[in-house]
$ cat entry_17.csv   # CSV, C-alpha atoms
chain,number,residue,atom,x,y,z
A,1,MET,CA,48.9,125.3,34.2
A,2,THR,CA,49.6,127.6,37.1
A,3,THR,CA,52.8,129.3,37.9
A,4,VAL,CA,53.5,126.7,40.6
A,5,ASP,CA,53.0,123.9,38.1
A,6,ARG,CA,55.5,125.2,35.6
A,7,PRO,CA,58.8,123.5,35.2
A,8,LEU,CA,61.7,125.3,36.9
A,9,ASP,CA,63.5,126.1,33.6
A,10,ARG,CA,60.5,128.1,32.3
A,11,LEU,CA,60.0,130.3,35.3
A,12,ASP,CA,62.7,132.8,34.2
A,13,THR,CA,62.8,133.3,30.5
A,14,LYS,CA,65.0,136.4,30.7
A,15,GLU,CA,68.6,135.6,30.0
A,16,ALA,CA,71.1,136.9,32.5
A,17,PRO,CA,73.5,139.5,31.0
A,18,PRO,CA,77.0,138.1,30.2
A,19,ARG,CA,79.5,138.6,32.9
A,20,SER,CA,82.7,140.5,32.2
A,21,GLY,CA,85.9,138.5,32.5
A,22,ARG,CA,87.5,141.1,34.8
A,23,PRO,CA,86.5,141.4,38.4
A,24,ALA,CA,85.3,144.7,39.8
A,25,PRO,CA,88.1,147.0,41.1
A,26,PRO,CA,88.5,146.6,44.9
A,27,GLY,CA,88.2,150.3,45.4
A,28,ARG,CA,84.8,150.5,43.7
A,29,LYS,CA,83.6,147.3,45.4
A,30,ASN,CA,84.4,148.5,48.9
A,31,ARG,CA,83.7,152.2,48.4
A,32,ALA,CA,80.9,152.2,51.0
A,33,LEU,CA,83.2,150.6,53.6
A,34,PHE,CA,85.9,153.2,52.9
A,35,TRP,CA,83.4,156.1,53.5
A,36,PHE,CA,82.3,154.5,56.8
A,37,ALA,CA,85.9,154.4,57.9
A,38,VAL,CA,86.6,158.1,57.0
A,39,PRO,CA,85.1,159.7,60.2
A,40,GLY,CA,87.0,157.3,62.5
A,41,THR,CA,90.2,157.8,60.6
A,42,VAL,CA,89.8,161.6,60.8
A,43,LEU,CA,89.2,161.5,64.5
A,44,LEU,CA,92.2,159.2,65.0
A,45,LEU,CA,94.4,161.6,63.1
A,46,LEU,CA,93.2,164.7,64.9
A,47,PHE,CA,93.2,163.5,68.5
A,48,HIS,CA,96.0,160.9,68.5
A,49,TYR,CA,98.6,161.7,65.8
A,50,VAL,CA,98.4,165.5,65.3
A,51,PRO,CA,98.9,166.1,69.1
A,52,LEU,CA,102.2,164.2,68.8
A,53,LEU,CA,103.6,167.3,67.2
A,54,GLY,CA,103.2,169.0,70.5
A,55,ASN,CA,106.1,166.9,72.0
A,56,VAL,CA,108.4,169.6,70.5
A,57,ILE,CA,107.9,171.6,73.7
A,58,ALA,CA,110.0,168.9,75.5
A,59,PHE,CA,112.9,170.6,73.9
A,60,GLN,CA,111.8,174.2,74.5
A,61,ASP,CA,111.3,176.6,77.4
A,62,TYR,CA,107.7,176.7,76.3
A,63,GLN,CA,105.4,179.5,77.2
A,64,PRO,CA,101.7,179.3,76.1
A,65,PHE,CA,101.5,183.0,75.2
A,66,THR,CA,104.5,182.9,72.9
A,67,GLY,CA,103.6,179.5,71.3
A,68,PHE,CA,105.8,176.9,69.6
A,69,THR,CA,107.5,179.2,67.1
A,70,HIS,CA,108.7,181.8,69.6
A,71,SER,CA,109.6,179.7,72.6
A,72,PRO,CA,113.4,179.4,73.1
A,73,TRP,CA,115.0,176.1,72.4
A,74,THR,CA,116.7,174.4,75.4
A,75,GLY,CA,117.8,171.1,73.8
A,76,PHE,CA,117.8,168.3,76.4
A,77,ASP,CA,117.8,170.5,79.5
A,78,ASN,CA,114.2,169.4,80.3
A,79,PHE,CA,115.3,165.8,80.4
A,80,LYS,CA,117.9,166.4,83.1
A,81,ILE,CA,115.2,165.9,85.8
A,82,LEU,CA,115.2,162.3,84.8
A,83,PHE,CA,118.8,161.8,85.8
A,84,ASN,CA,119.5,164.4,88.5
A,85,GLY,CA,117.7,162.6,91.3
A,86,ASP,CA,114.8,165.0,91.7
A,87,PRO,CA,112.9,163.6,94.8
A,88,ALA,CA,109.4,164.4,93.5
A,89,PHE,CA,110.1,162.6,90.2
A,90,LEU,CA,111.7,159.6,91.9
A,91,HIS,CA,108.7,159.2,94.3
A,92,ALA,CA,106.4,159.3,91.3
A,93,LEU,CA,108.4,156.8,89.4
A,94,VAL,CA,108.7,154.4,92.3
A,95,ASN,CA,104.9,154.6,93.0
A,96,THR,CA,104.1,154.0,89.4
A,97,LEU,CA,106.3,150.9,89.2
A,98,GLU,CA,104.9,149.5,92.5
A,99,LEU,CA,101.3,150.0,91.2
A,100,THR,CA,102.2,148.4,87.9
A,101,VAL,CA,103.7,145.3,89.5
A,102,ILE,CA,100.6,145.0,91.8
A,103,GLN,CA,98.2,145.3,88.9
A,104,VAL,CA,100.1,142.9,86.7
A,105,VAL,CA,100.6,140.2,89.4
A,106,PHE,CA,97.3,140.5,91.2
A,107,VAL,CA,94.8,142.2,88.9
A,108,PHE,CA,95.7,140.8,85.5
A,109,PRO,CA,95.0,137.1,86.4
A,110,LEU,CA,91.6,137.7,88.0
A,111,PRO,CA,89.6,138.0,84.8
A,112,ILE,CA,91.1,134.6,83.7
A,113,LEU,CA,90.0,132.9,86.9
A,114,LEU,CA,86.6,134.6,86.8
A,115,ALA,CA,86.1,133.5,83.2
A,116,LEU,CA,86.9,129.9,84.2
A,117,LEU,CA,84.4,130.1,87.0
A,118,LEU,CA,81.7,131.5,84.8
A,119,ASN,CA,82.4,128.9,82.1
A,120,SER,CA,81.9,126.2,84.6
A,121,LEU,CA,78.3,127.3,85.4
A,122,VAL,CA,75.8,124.8,84.1
A,123,GLY,CA,72.7,127.0,83.8
A,124,GLU,CA,72.9,129.4,80.9
A,125,ARG,CA,70.3,131.7,82.6
A,126,VAL,CA,72.3,131.9,85.8
A,127,LYS,CA,75.5,132.6,83.8
A,128,ARG,CA,73.9,135.4,82.0
A,129,VAL,CA,72.6,137.0,85.2
A,130,VAL,CA,76.0,136.8,86.9
A,131,GLN,CA,77.7,138.3,83.8
A,132,ASN,CA,75.4,141.3,83.7
A,133,VAL,CA,76.0,142.0,87.4
A,134,LEU,CA,79.7,141.7,86.9
A,135,TYR,CA,79.7,144.0,83.8
A,136,LEU,CA,77.8,146.8,85.4
A,137,PRO,CA,80.6,148.5,87.3
A,138,HIS,CA,82.6,149.0,84.1
A,139,PHE,CA,80.1,151.5,82.8
A,140,LEU,CA,80.4,153.7,85.9
A,141,SER,CA,82.8,156.6,85.7
A,142,TRP,CA,85.7,156.9,88.1
A,143,VAL,CA,83.9,159.8,89.8
A,144,VAL,CA,81.0,157.5,90.7
A,145,VAL,CA,83.3,154.6,91.7
A,146,VAL,CA,85.3,156.9,94.0
A,147,ALA,CA,82.1,158.3,95.5
A,148,VAL,CA,80.7,154.8,96.1
A,149,PHE,CA,83.9,153.7,97.9
A,150,GLN,CA,83.9,156.9,100.0
A,151,GLN,CA,80.3,156.2,101.1
A,152,MET,CA,81.2,152.7,102.0
A,153,LEU,CA,84.7,153.0,103.5
A,154,GLY,CA,85.0,156.7,104.4
A,155,ASN,CA,85.2,158.0,108.0
A,156,GLY,CA,81.4,158.5,107.9
A,157,GLY,CA,80.7,155.6,105.6
A,158,LEU,CA,78.6,152.5,106.2
A,159,LEU,CA,81.4,150.4,107.5
A,160,ASN,CA,82.5,152.9,110.2
A,161,VAL,CA,78.8,153.6,111.1
A,162,PHE,CA,78.3,149.9,111.6
A,163,LEU,CA,81.5,149.6,113.7
A,164,GLN,CA,80.7,152.5,115.8
A,165,ALA,CA,77.1,151.2,116.4
A,166,HIS,CA,78.7,148.0,117.9
A,167,SER,CA,81.4,149.9,119.9
A,168,MET,CA,84.2,148.5,117.7
A,169,GLY,CA,85.9,151.8,116.9
A,170,THR,CA,86.6,153.0,113.4
A,171,TRP,CA,88.8,151.8,110.5
A,172,ASN,CA,90.5,154.6,108.6
A,173,ILE,CA,90.7,153.5,105.0
A,174,ILE,CA,89.9,156.5,102.8
A,175,GLY,CA,92.6,159.1,103.2
A,176,ASN,CA,95.1,156.7,104.8
A,177,PRO,CA,98.3,156.9,102.8
A,178,ASP,CA,99.5,153.5,104.1
A,179,LEU,CA,96.5,151.8,102.4
A,180,PHE,CA,96.4,154.0,99.3
A,181,LYS,CA,97.8,151.4,96.9
A,182,GLU,CA,95.5,148.7,98.3
A,183,LEU,CA,92.5,151.0,97.9
A,184,LEU,CA,93.4,151.8,94.2
A,185,THR,CA,93.8,148.1,93.5
A,186,SER,CA,90.5,147.1,95.0
A,187,GLN,CA,88.7,149.8,93.0
A,188,VAL,CA,90.3,148.6,89.8
A,189,ILE,CA,89.3,145.0,90.6
A,190,TRP,CA,85.7,145.9,91.3
A,191,LYS,CA,85.3,148.1,88.3
A,192,ASP,CA,87.1,146.3,85.5
A,193,THR,CA,87.5,142.6,86.3
A,194,GLY,CA,84.0,141.6,85.2
A,195,TRP,CA,84.3,143.4,81.9
A,196,ALA,CA,87.7,142.0,81.2
A,197,THR,CA,86.3,138.5,81.2
A,198,ILE,CA,84.5,139.0,77.9
A,199,LEU,CA,87.5,138.2,75.7
A,200,PHE,CA,88.4,135.1,77.7
A,201,LEU,CA,84.8,133.8,77.7
A,202,ALA,CA,84.8,134.3,73.9
A,203,ALA,CA,88.0,132.3,73.6
A,204,LEU,CA,86.6,129.5,75.9
A,205,SER,CA,83.5,129.3,73.7
A,206,ARG,CA,85.7,128.2,70.8
A,207,VAL,CA,87.3,125.3,72.6
A,208,ASP,CA,86.1,122.0,71.0
A,209,THR,CA,84.0,120.1,73.5
A,210,ASP,CA,85.4,116.8,72.0
A,211,LEU,CA,88.7,117.6,73.7
A,212,TYR,CA,87.0,117.7,77.1
A,213,GLU,CA,85.2,114.4,76.4
A,214,ALA,CA,88.4,112.8,75.2
A,215,ALA,CA,90.2,114.0,78.3
A,216,ALA,CA,87.4,112.6,80.5
A,217,VAL,CA,87.6,109.3,78.8
A,218,ASP,CA,91.3,109.2,79.6
A,219,GLY,CA,90.5,109.7,83.2
A,220,ALA,CA,91.4,113.4,83.5
A,221,SER,CA,89.8,115.2,86.4
A,222,ARG,CA,88.2,118.7,86.0
A,223,LEU,CA,91.4,120.3,87.2
A,224,ARG,CA,93.5,118.3,84.7
A,225,GLN,CA,91.1,119.2,81.9
A,226,THR,CA,91.5,122.9,82.8
A,227,TRP,CA,95.3,122.6,82.8
A,228,HIS,CA,95.7,120.6,79.6
A,229,VAL,CA,92.7,121.8,77.5
A,230,THR,CA,91.4,125.2,78.7
A,231,LEU,CA,94.6,127.1,79.6
A,232,PRO,CA,96.4,126.1,76.4
A,233,ALA,CA,93.4,127.5,74.5
A,234,LEU,CA,93.8,130.9,76.3
A,235,ARG,CA,97.6,131.1,76.0
A,236,GLY,CA,97.7,133.2,72.9
A,237,LEU,CA,95.1,135.6,74.1
A,238,VAL,CA,96.8,135.9,77.5
A,239,ILE,CA,100.2,136.7,75.9
A,240,LEU,CA,98.6,139.3,73.6
A,241,LEU,CA,96.8,141.1,76.4
A,242,LEU,CA,99.9,141.0,78.6
A,243,ILE,CA,102.0,142.6,75.9
A,244,LEU,CA,99.4,145.4,75.5
A,245,ARG,CA,99.3,145.8,79.3
A,246,LEU,CA,103.1,146.2,79.4
A,247,GLY,CA,102.9,148.9,76.8
A,248,ASP,CA,100.6,150.8,79.1
A,249,ALA,CA,102.6,149.8,82.2
A,250,LEU,CA,103.6,153.4,83.3
A,251,SER,CA,99.9,154.5,83.1
A,252,VAL,CA,98.1,153.4,86.3
A,253,GLY,CA,94.9,155.4,86.3
A,254,PHE,CA,95.3,159.2,86.2
A,255,GLU,CA,91.6,160.1,86.8
A,256,GLN,CA,91.3,157.6,89.6
A,257,ILE,CA,94.3,158.9,91.5
A,258,VAL,CA,93.6,162.6,90.9
A,259,LEU,CA,90.2,162.3,92.5
A,260,GLN,CA,91.7,160.9,95.7
A,261,GLN,CA,94.9,162.8,95.9
A,262,THR,CA,93.6,165.9,97.6
A,263,GLY,CA,94.9,166.3,101.2
A,264,MET,CA,97.2,163.3,101.0
A,265,ASP,CA,101.0,163.1,101.0
A,266,LYS,CA,102.1,163.3,97.4
A,267,ASN,CA,105.2,161.2,98.1
A,268,THR,CA,102.8,158.3,98.5
A,269,THR,CA,100.1,159.2,95.9
A,270,GLU,CA,102.0,160.8,93.1
A,271,VAL,CA,102.5,158.8,89.9
A,272,LEU,CA,104.0,159.8,86.6
A,273,ASP,CA,100.7,160.8,85.0
A,274,THR,CA,99.8,163.0,88.0
A,275,TYR,CA,103.3,164.3,88.1
A,276,VAL,CA,103.0,165.5,84.5
A,277,TYR,CA,99.6,167.1,85.3
A,278,ASN,CA,100.7,168.8,88.5
A,279,ASN,CA,103.9,170.2,87.0
A,280,GLY,CA,102.5,171.1,83.6
A,281,LEU,CA,99.0,172.4,83.9
A,282,VAL,CA,99.2,173.4,87.6
A,283,ALA,CA,102.8,174.6,88.1
A,284,GLY,CA,103.4,175.7,84.5
A,285,GLU,CA,106.5,173.6,83.9
A,286,TRP,CA,105.4,172.6,80.4
A,287,GLY,CA,108.8,171.5,79.0
A,288,ILE,CA,109.6,169.3,82.0
A,289,SER,CA,106.2,167.7,81.9
A,290,ALA,CA,106.4,167.1,78.2
A,291,ALA,CA,109.8,165.5,78.6
A,292,VAL,CA,108.6,163.1,81.3
A,293,GLY,CA,105.5,162.2,79.2
A,294,LEU,CA,107.6,161.7,76.1
A,295,VAL,CA,110.1,159.3,77.8
A,296,LYS,CA,107.1,157.5,79.4
A,297,GLY,CA,105.7,156.9,75.9
A,298,LEU,CA,109.0,155.7,74.5
A,299,VAL,CA,109.5,153.3,77.4
A,300,GLY,CA,106.0,151.9,76.6
A,301,VAL,CA,107.0,151.3,73.0
A,302,VAL,CA,110.2,149.6,74.0
A,303,LEU,CA,108.3,147.3,76.4
A,304,VAL,CA,105.8,146.4,73.7
A,305,LEU,CA,108.5,145.5,71.1
A,306,GLY,CA,110.5,143.6,73.7
A,307,ALA,CA,107.5,141.6,75.0
A,308,ASN,CA,106.4,140.9,71.4
A,309,LYS,CA,109.9,139.6,70.6
A,310,ILE,CA,109.7,137.2,73.6
A,311,ALA,CA,106.3,136.1,72.4
A,312,HIS,CA,107.8,135.1,69.0
A,313,LEU,CA,110.5,133.2,70.8
A,314,LEU,CA,107.8,131.3,72.7
A,315,GLY,CA,106.1,130.4,69.4
A,316,GLU,CA,103.2,132.9,69.8
A,317,GLU,CA,102.2,135.5,67.2
A,318,GLY,CA,101.9,138.4,69.6
A,319,ILE,CA,100.5,141.7,68.4
A,320,TYR,CA,102.0,141.3,65.0
A,321,SER,CA,103.7,138.4,63.0
A,322,LYS,CA,107.4,138.2,62.3
$ encode --input "entry_17.csv" --output "structure tokens"
Amino acid sequence: MTTVDRPLDRLDTKEAPPRSGRPAPPGRKNRALFWFAVPGTVLLLLFHYVPLLGNVIAFQDYQPFTGFTHSPWTGFDNFKILFNGDPAFLHALVNTLELTVIQVVFVFPLPILLALLLNSLVGERVKRVVQNVLYLPHFLSWVVVVAVFQQMLGNGGLLNVFLQAHSMGTWNIIGNPDLFKELLTSQVIWKDTGWATILFLAALSRVDTDLYEAAAVDGASRLRQTWHVTLPALRGLVILLLILRLGDALSVGFEQIVLQQTGMDKNTTEVLDTYVYNNGLVAGEWGISAAVGLVKGLVGVVLVLGANKIAHLLGEEGIYSK
């Protein structure tokens, strides 16, 4: 009789060792996972939590050559700029709030709409090609994005070359302070909208198709199906991302703005992040810059906690449960 012809109970004559009644300790069982997490944890501590100790300079007349230990304490003097009506700070605050409102109202909903459009595409191959094209700008640095817009919309860019060739004058976009916020918004939309659809497409893929079929049987149109089936499926994710966006509300793109701020009126282009940079690293007002940055971070924490509380009142989980 060959091995194939043997009965199944004779193939393995070696008895398995008796199992212990106690399960393996969780630490020993997941030891490999713990070791994999160590490098990321160390980097997180070194570059995110240890630098928080540097906020002490917000309460000092800090000088880099004397260090933390020998710089004189000033208490809350550095925070007076937040309340004494300093024009430069007020302009930066107003510009930051305006950009935040614009990006929350106009930029935040665009990935949702784009995900709905992509989800409605019938051909899977066409959908994949469109997704790859839309994801590509996200992987470009802001230096490249700003350069592309300058080549397209600058005074000597393709748009103005075309207009001049047809005797239509020129359109001053790059460097125009009146269009600065619109320019920033268009750059953010072009760079990040496609990439932001990933989470929404993943959520849409989990919607039960039977719900659409049941709605179609009841006579619901495509628009009604979207309103009563698709959007409720995205509600939790939308609230979660909106809470996280509010926590980062006072940060509106430091690198993007610094690259385009040269030669323009700072009353129009200055935001809180560039204000901290220009007054800290450039002008040497370390304590004042640290105070503004510290208050900005605290406001972000308050916004996150408040928005999360509102999410709980609406019956959503938010970023953490009750």
$ axis_aligned_box --input "entry_17.csv" --around "segment 262-272 of chain A" --padding-each-side "6 Å" --output "JSON"
{"center_x": 99.4, "center_y": 162.3, "center_z": 93.9, "size_x": 23.6, "size_y": 20.0, "size_z": 26.6}
$ closest_atom_pairs --input "entry_17.csv" --of "segment 101-159 of chain A" --to "segment 163-177 of chain A" --cutoff "9 Å" --atoms "all atoms listed in the file" --output "JSON lines"
{"residue": "A:Phe149", "atom": "CA", "partner": "A:Ile174", "partner_atom": "CA", "distance": 8.2}
{"residue": "A:Gln150", "atom": "CA", "partner": "A:Ile174", "partner_atom": "CA", "distance": 6.6}
{"residue": "A:Leu153", "atom": "CA", "partner": "A:Ile173", "partner_atom": "CA", "distance": 6.2}
{"residue": "A:Gly154", "atom": "CA", "partner": "A:Ile174", "partner_atom": "CA", "distance": 5.2}
{"residue": "A:Asn155", "atom": "CA", "partner": "A:Asn172", "partner_atom": "CA", "distance": 6.3}
{"residue": "A:Leu158", "atom": "CA", "partner": "A:Leu163", "partner_atom": "CA", "distance": 8.5}
{"residue": "A:Leu159", "atom": "CA", "partner": "A:Leu163", "partner_atom": "CA", "distance": 6.3}
$ closest_residue --input "entry_17.csv" --among "A:Tyr320, A:Tyr275, A:Trp286, A:Trp195" --to "Ala88 of chain A" --atoms "only C-alpha atoms"
A:Tyr275
$ residues_around --input "entry_17.csv" --residues "Leu118 of chain A" --least-positions-apart "4" --cutoff "8 Å" --atoms "only C-alpha atoms" --output "PyMOL selection string"
chain A and resi 114+127+131
$ closest_residue --input "entry_17.csv" --among "A:Thr197, A:Thr185, A:Asn278, A:Thr66" --to "Ala290 of chain A" --atoms "all atoms listed in the file"
A:Asn278
$ closest_residue --input "entry_17.csv" --among "A:Asp218, A:Asp248, A:Asp208, A:Glu285" --to "Gln63 of chain A" --atoms "only C-alpha atoms"
A:Glu285
$ closest_residue --input "entry_17.csv" --among "A:Ile189, A:Asn55, A:Thr230, A:Arg235" --to "Leu314 of chain A" --atoms "all atoms listed in the file"
A:Arg235
$ atom_distance --input "entry_17.csv" --atom1 "atom CA of Val229 of chain A" --atom2 "atom CA of Tyr135 of chain A"
26.5 Å
$ closest_atom_pairs --input "entry_17.csv" --of "segment 190-213 of chain A" --to "segment 236-244 of chain A" --cutoff "10 Å" --atoms "all atoms listed in the file" --output "JSON lines"
{"residue": "A:Leu199", "atom": "CA", "partner": "A:Leu237", "partner_atom": "CA", "distance": 8.2}
{"residue": "A:Phe200", "atom": "CA", "partner": "A:Leu237", "partner_atom": "CA", "distance": 7.6}
{"residue": "A:Ala203", "atom": "CA", "partner": "A:Leu237", "partner_atom": "CA", "distance": 7.8}
$ atom_distance --input "entry_17.csv" --atom1 "atom CA of Trp73 of chain A" --atom2 "atom CA of Gly280 of chain A"
17.5 Å
$ closest_residue --input "entry_17.csv" --among "A:Thr226, A:Gln261, A:Gln60, A:Asn30" --to "Leu184 of chain A" --atoms "only C-alpha atoms"
A:Gln261
$ atom_distance --input "entry_17.csv" --atom1 "atom CA of Gln260 of chain A" --atom2 "atom CA of Met152 of chain A"
14.7 Å
$ residues_near_point --input "entry_17.csv" --point "(108.4, 178.7, 78.1)" --cutoff "12 Å" --atoms "all atoms listed in the file" --output "ChimeraX atom specification"
/A:56-74,78,280,284-290
$ write_last_selection --input "entry_17.csv" --atoms "C-alpha atoms" --output "compact mmCIF listing (two decimals), in the frame of the given file"
# COMPACT_ATOMS: atom_id res chain seq x y z
CA VAL A 56 108.40 169.60 70.50
CA ILE A 57 107.90 171.60 73.70
CA ALA A 58 110.00 168.90 75.50
CA PHE A 59 112.90 170.60 73.90
CA GLN A 60 111.80 174.20 74.50
CA ASP A 61 111.30 176.60 77.40
CA TYR A 62 107.70 176.70 76.30
CA GLN A 63 105.40 179.50 77.20
CA PRO A 64 101.70 179.30 76.10
CA PHE A 65 101.50 183.00 75.20
CA THR A 66 104.50 182.90 72.90
CA GLY A 67 103.60 179.50 71.30
CA PHE A 68 105.80 176.90 69.60
CA THR A 69 107.50 179.20 67.10
CA HIS A 70 108.70 181.80 69.60
CA SER A 71 109.60 179.70 72.60
CA PRO A 72 113.40 179.40 73.10
CA TRP A 73 115.00 176.10 72.40
CA THR A 74 116.70 174.40 75.40
CA ASN A 78 114.20 169.40 80.30
CA GLY A 280 102.50 171.10 83.60
CA GLY A 284 103.40 175.70 84.50
CA GLU A 285 106.50 173.60 83.90
CA TRP A 286 105.40 172.60 80.40
CA GLY A 287 108.80 171.50 79.00
CA ILE A 288 109.60 169.30 82.00
CA SER A 289 106.20 167.70 81.90
CA ALA A 290 106.40 167.10 78.20
